[in-house]
Amino acid sequence: MSFFGEIASVLGLDEAALALGYNYINYNGKAVYVEGIKDVLKVDGNELAFRLPKGVLYVLGEKLRISDLSGGTVLVCGDVYSVETSVGRERAERELAARAGQRDGGSTPDGKRGESGV
């Protein structure tokens with residue numbers, strides 16, 4: 001059984017379902033191993049982006065490079081600061097916009113005030 005298969009078993013997940021998604025391991029901020037990528041979208045020393053079955057996975061940091069790429073897996077080396085998905089990134093942006101609106105006295109992300117005009 002694979003490492004990810006063993007984890008799935010402990011969590012009570014179906015190992016077959018893991019084949020349809022993605023998995024990654026961050027090795028102490030020095031490397032990230034990812035399974036389940038479909039394509040490489042961006043390679044930059046500070047950001048790498050990989051297409052997943054559903055969405056995009058971003059690796060952010062400095063001096064990032066692809067050390068190995070084969071069969072839907074990739075090993076990224078460098079100073080890794082974060083790993084995030086497009087879903088997580090969109091959620092964080094919505095939350096930040098909502099917080100900014102609360103601080104601005106109810107402004108919406110489009111800059112309009114949430115007042116009724118009464």
# chains A, B, ... in the order shown; residues from 1 in each chain; ligands from 1

$ residues_around --residues "Tyr22 of chain A" --least-positions-apart "2" --cutoff "7 Å" --atoms "only C-alpha atoms" --output "ChimeraX atom specification"
/A:18,24,35-37,52

$ write_last_selection --atoms "C-alpha atoms" --output "compact mmCIF listing (two decimals), in the first residue's frame"
# COMPACT_ATOMS: atom_id res chain seq x y z
CA LEU A 18 -7.57 9.31 -4.06
CA TYR A 24 0.98 16.74 -1.62
CA GLU A 35 0.66 13.59 -7.00
CA GLY A 36 -2.27 14.09 -9.35
CA ILE A 37 -1.18 16.99 -11.53
CA LEU A 52 -5.32 19.53 -11.00

$ residues_around --residues "segment 60-67 of chain A" --least-positions-apart "2" --cutoff "9 Å" --atoms "only C-alpha atoms" --output "list in words"
Gly29, Ala31, Val43, Asp44, Gly45, Asn46, Glu47, Leu48, Ala49, Tyr58, Leu69, Val74, Leu75, Val76, Cys77, Gly78, Asp79, Val80, Tyr81, Ser82, Val83 and Glu84 of chain A

$ select_by_dssp --residues "chain A" --states "alpha helix (DSSP H)" --output "mmCIF file with N, CA, C and O atoms, in the first residue's frame"
data_model
loop_
_atom_site.group_PDB
_atom_site.id
_atom_site.type_symbol
_atom_site.label_atom_id
_atom_site.label_comp_id
_atom_site.auth_asym_id
_atom_site.auth_seq_id
_atom_site.Cartn_x
_atom_site.Cartn_y
_atom_site.Cartn_z
ATOM 1 N N PHE A 3 1.980 5.285 0.602
ATOM 2 C CA PHE A 3 1.909 6.173 1.760
ATOM 3 C C PHE A 3 0.541 6.835 1.835
ATOM 4 O O PHE A 3 -0.106 6.843 2.879
ATOM 5 N N PHE A 4 0.096 7.415 0.697
ATOM 6 C CA PHE A 4 -1.197 8.076 0.691
ATOM 7 C C PHE A 4 -2.331 7.077 0.914
ATOM 8 O O PHE A 4 -3.341 7.407 1.513
ATOM 9 N N GLY A 5 -2.155 5.856 0.439
ATOM 10 C CA GLY A 5 -3.150 4.810 0.676
ATOM 11 C C GLY A 5 -3.269 4.470 2.148
ATOM 12 O O GLY A 5 -4.369 4.257 2.662
ATOM 13 N N GLU A 6 -2.149 4.428 2.837
ATOM 14 C CA GLU A 6 -2.171 4.154 4.277
ATOM 15 C C GLU A 6 -2.872 5.270 5.038
ATOM 16 O O GLU A 6 -3.661 5.015 5.949
ATOM 17 N N ILE A 7 -2.605 6.504 4.672
ATOM 18 C CA ILE A 7 -3.265 7.639 5.315
ATOM 19 C C ILE A 7 -4.766 7.572 5.057
ATOM 20 O O ILE A 7 -5.581 7.790 5.961
ATOM 21 N N ALA A 8 -5.151 7.265 3.816
ATOM 22 C CA ALA A 8 -6.573 7.150 3.473
ATOM 23 C C ALA A 8 -7.242 6.090 4.324
ATOM 24 O O ALA A 8 -8.363 6.287 4.813
ATOM 25 N N SER A 9 -6.562 4.979 4.538
ATOM 26 C CA SER A 9 -7.113 3.901 5.361
ATOM 27 C C SER A 9 -7.339 4.362 6.800
ATOM 28 O O SER A 9 -8.386 4.094 7.389
ATOM 29 N N VAL A 10 -6.361 5.061 7.364
ATOM 30 C CA VAL A 10 -6.489 5.577 8.731
ATOM 31 C C VAL A 10 -7.661 6.552 8.841
ATOM 32 O O VAL A 10 -8.396 6.563 9.823
ATOM 33 N N LEU A 11 -7.872 7.355 7.791
ATOM 34 C CA LEU A 11 -8.950 8.341 7.791
ATOM 35 C C LEU A 11 -10.298 7.753 7.372
ATOM 36 O O LEU A 11 -11.310 8.455 7.386
ATOM 37 N N GLU A 15 -9.341 4.412 -0.947
ATOM 38 C CA GLU A 15 -8.075 4.660 -1.643
ATOM 39 C C GLU A 15 -8.298 4.903 -3.135
ATOM 40 O O GLU A 15 -7.602 5.708 -3.750
ATOM 41 N N ALA A 16 -9.289 4.261 -3.720
ATOM 42 C CA ALA A 16 -9.571 4.461 -5.145
ATOM 43 C C ALA A 16 -9.978 5.903 -5.430
ATOM 44 O O ALA A 16 -9.658 6.449 -6.480
ATOM 45 N N ALA A 17 -10.655 6.536 -4.483
ATOM 46 C CA ALA A 17 -11.076 7.924 -4.665
ATOM 47 C C ALA A 17 -9.871 8.868 -4.702
ATOM 48 O O ALA A 17 -9.933 9.928 -5.317
ATOM 49 N N LEU A 18 -8.770 8.475 -4.048
ATOM 50 C CA LEU A 18 -7.574 9.313 -4.057
ATOM 51 C C LEU A 18 -6.998 9.438 -5.457
ATOM 52 O O LEU A 18 -6.394 10.454 -5.791
ATOM 53 N N SER A 86 -6.584 26.823 -5.953
ATOM 54 C CA SER A 86 -7.379 27.941 -6.470
ATOM 55 C C SER A 86 -8.627 28.135 -5.627
ATOM 56 O O SER A 86 -9.054 29.267 -5.383
ATOM 57 N N VAL A 87 -9.205 27.055 -5.125
ATOM 58 C CA VAL A 87 -10.394 27.164 -4.266
ATOM 59 C C VAL A 87 -10.035 27.897 -2.975
ATOM 60 O O VAL A 87 -10.739 28.810 -2.551
ATOM 61 N N GLY A 88 -8.936 27.528 -2.354
ATOM 62 C CA GLY A 88 -8.502 28.195 -1.127
ATOM 63 C C GLY A 88 -8.140 29.646 -1.362
ATOM 64 O O GLY A 88 -8.450 30.518 -0.551
ATOM 65 N N ARG A 89 -7.511 29.923 -2.490
ATOM 66 C CA ARG A 89 -7.122 31.293 -2.821
ATOM 67 C C ARG A 89 -8.355 32.171 -3.012
ATOM 68 O O ARG A 89 -8.424 33.284 -2.497
ATOM 69 N N GLU A 90 -9.359 31.655 -3.725
ATOM 70 C CA GLU A 90 -10.599 32.420 -3.943
ATOM 71 C C GLU A 90 -11.326 32.657 -2.622
ATOM 72 O O GLU A 90 -11.833 33.748 -2.379
ATOM 73 N N ARG A 91 -11.367 31.663 -1.769
ATOM 74 C CA ARG A 91 -12.032 31.805 -0.470
ATOM 75 C C ARG A 91 -11.329 32.857 0.377
ATOM 76 O O ARG A 91 -11.966 33.706 1.002
ATOM 77 N N ALA A 92 -10.001 32.835 0.395
ATOM 78 C CA ALA A 92 -9.240 33.814 1.172
ATOM 79 C C ALA A 92 -9.474 35.232 0.651
ATOM 80 O O ALA A 92 -9.630 36.169 1.436
ATOM 81 N N GLU A 93 -9.532 35.388 -0.685
ATOM 82 C CA GLU A 93 -9.783 36.712 -1.249
ATOM 83 C C GLU A 93 -11.164 37.226 -0.868
ATOM 84 O O GLU A 93 -11.324 38.406 -0.554
ATOM 85 N N ARG A 94 -12.181 36.350 -0.877
ATOM 86 C CA ARG A 94 -13.533 36.756 -0.469
ATOM 87 C C ARG A 94 -13.554 37.170 0.996
ATOM 88 O O ARG A 94 -14.163 38.171 1.361
ATOM 89 N N GLU A 95 -12.882 36.399 1.856
ATOM 90 C CA GLU A 95 -12.850 36.724 3.283
ATOM 91 C C GLU A 95 -12.131 38.047 3.531
ATOM 92 O O GLU A 95 -12.585 38.858 4.346
ATOM 93 N N LEU A 96 -11.033 38.281 2.829
ATOM 94 C CA LEU A 96 -10.312 39.549 2.994
ATOM 95 C C LEU A 96 -11.166 40.720 2.537
ATOM 96 O O LEU A 96 -11.188 41.769 3.184
ATOM 97 N N ALA A 97 -11.887 40.552 1.425
ATOM 98 C CA ALA A 97 -12.763 41.620 0.931
ATOM 99 C C ALA A 97 -13.876 41.902 1.931
ATOM 100 O O ALA A 97 -14.216 43.056 2.191
ATOM 101 N N ALA A 98 -14.429 40.844 2.530
ATOM 102 C CA ALA A 98 -15.501 41.021 3.514
ATOM 103 C C ALA A 98 -14.970 41.740 4.755
ATOM 104 O O ALA A 98 -15.629 42.637 5.291
ATOM 105 N N ARG A 99 -13.777 41.380 5.206
ATOM 106 C CA ARG A 99 -13.186 42.046 6.375
ATOM 107 C C ARG A 99 -12.901 43.514 6.088
ATOM 108 O O ARG A 99 -13.119 44.371 6.926
ATOM 109 N N ALA A 100 -12.404 43.776 4.889
ATOM 110 C CA ALA A 100 -12.132 45.169 4.511
ATOM 111 C C ALA A 100 -13.425 45.959 4.493
ATOM 112 O O ALA A 100 -13.458 47.117 4.905
ATOM 113 N N GLY A 101 -14.509 45.366 4.037
ATOM 114 C CA GLY A 101 -15.811 46.019 4.020
ATOM 115 C C GLY A 101 -16.299 46.331 5.414
ATOM 116 O O GLY A 101 -16.878 47.394 5.663
ATOM 117 N N GLN A 102 -16.053 45.436 6.356
ATOM 118 C CA GLN A 102 -16.463 45.673 7.743
ATOM 119 C C GLN A 102 -15.663 46.820 8.346
ATOM 120 O O GLN A 102 -16.196 47.658 9.064
ATOM 121 N N ARG A 103 -14.382 46.895 8.045
ATOM 122 C CA ARG A 103 -13.530 47.966 8.572
ATOM 123 C C ARG A 103 -13.897 49.311 7.967
ATOM 124 O O ARG A 103 -13.759 50.342 8.599
#

$ closest_residue --among "A:Asp39, A:Asp14, A:Gly71, A:Asn28" --to "Lys54 of chain A" --atoms "only C-alpha atoms"
A:Asp39

$ closest_residue --among "A:Asp104, A:Leu41, A:Pro53, A:Ser70" --to "Gly21 of chain A" --atoms "only C-alpha atoms"
A:Pro53

$ atom_distance --atom1 "atom CA of Tyr33 of chain A" --atom2 "atom CA of Leu57 of chain A"
11.8 Å

$ select_by_dssp --residues "chain A" --states "strand (DSSP E)" --output "ChimeraX atom specification"
/A:23-27,31-35,39-43,47-52,55-70,73-85

$ atom_distance --atom1 "atom CA of Gly72 of chain A" --atom2 "atom CA of Leu13 of chain A"
21.2 Å

$ closest_residue --among "A:Asp68, A:Asn23, A:Thr73, A:Gly12" --to "Lys38 of chain A" --atoms "only C-alpha atoms"
A:Thr73
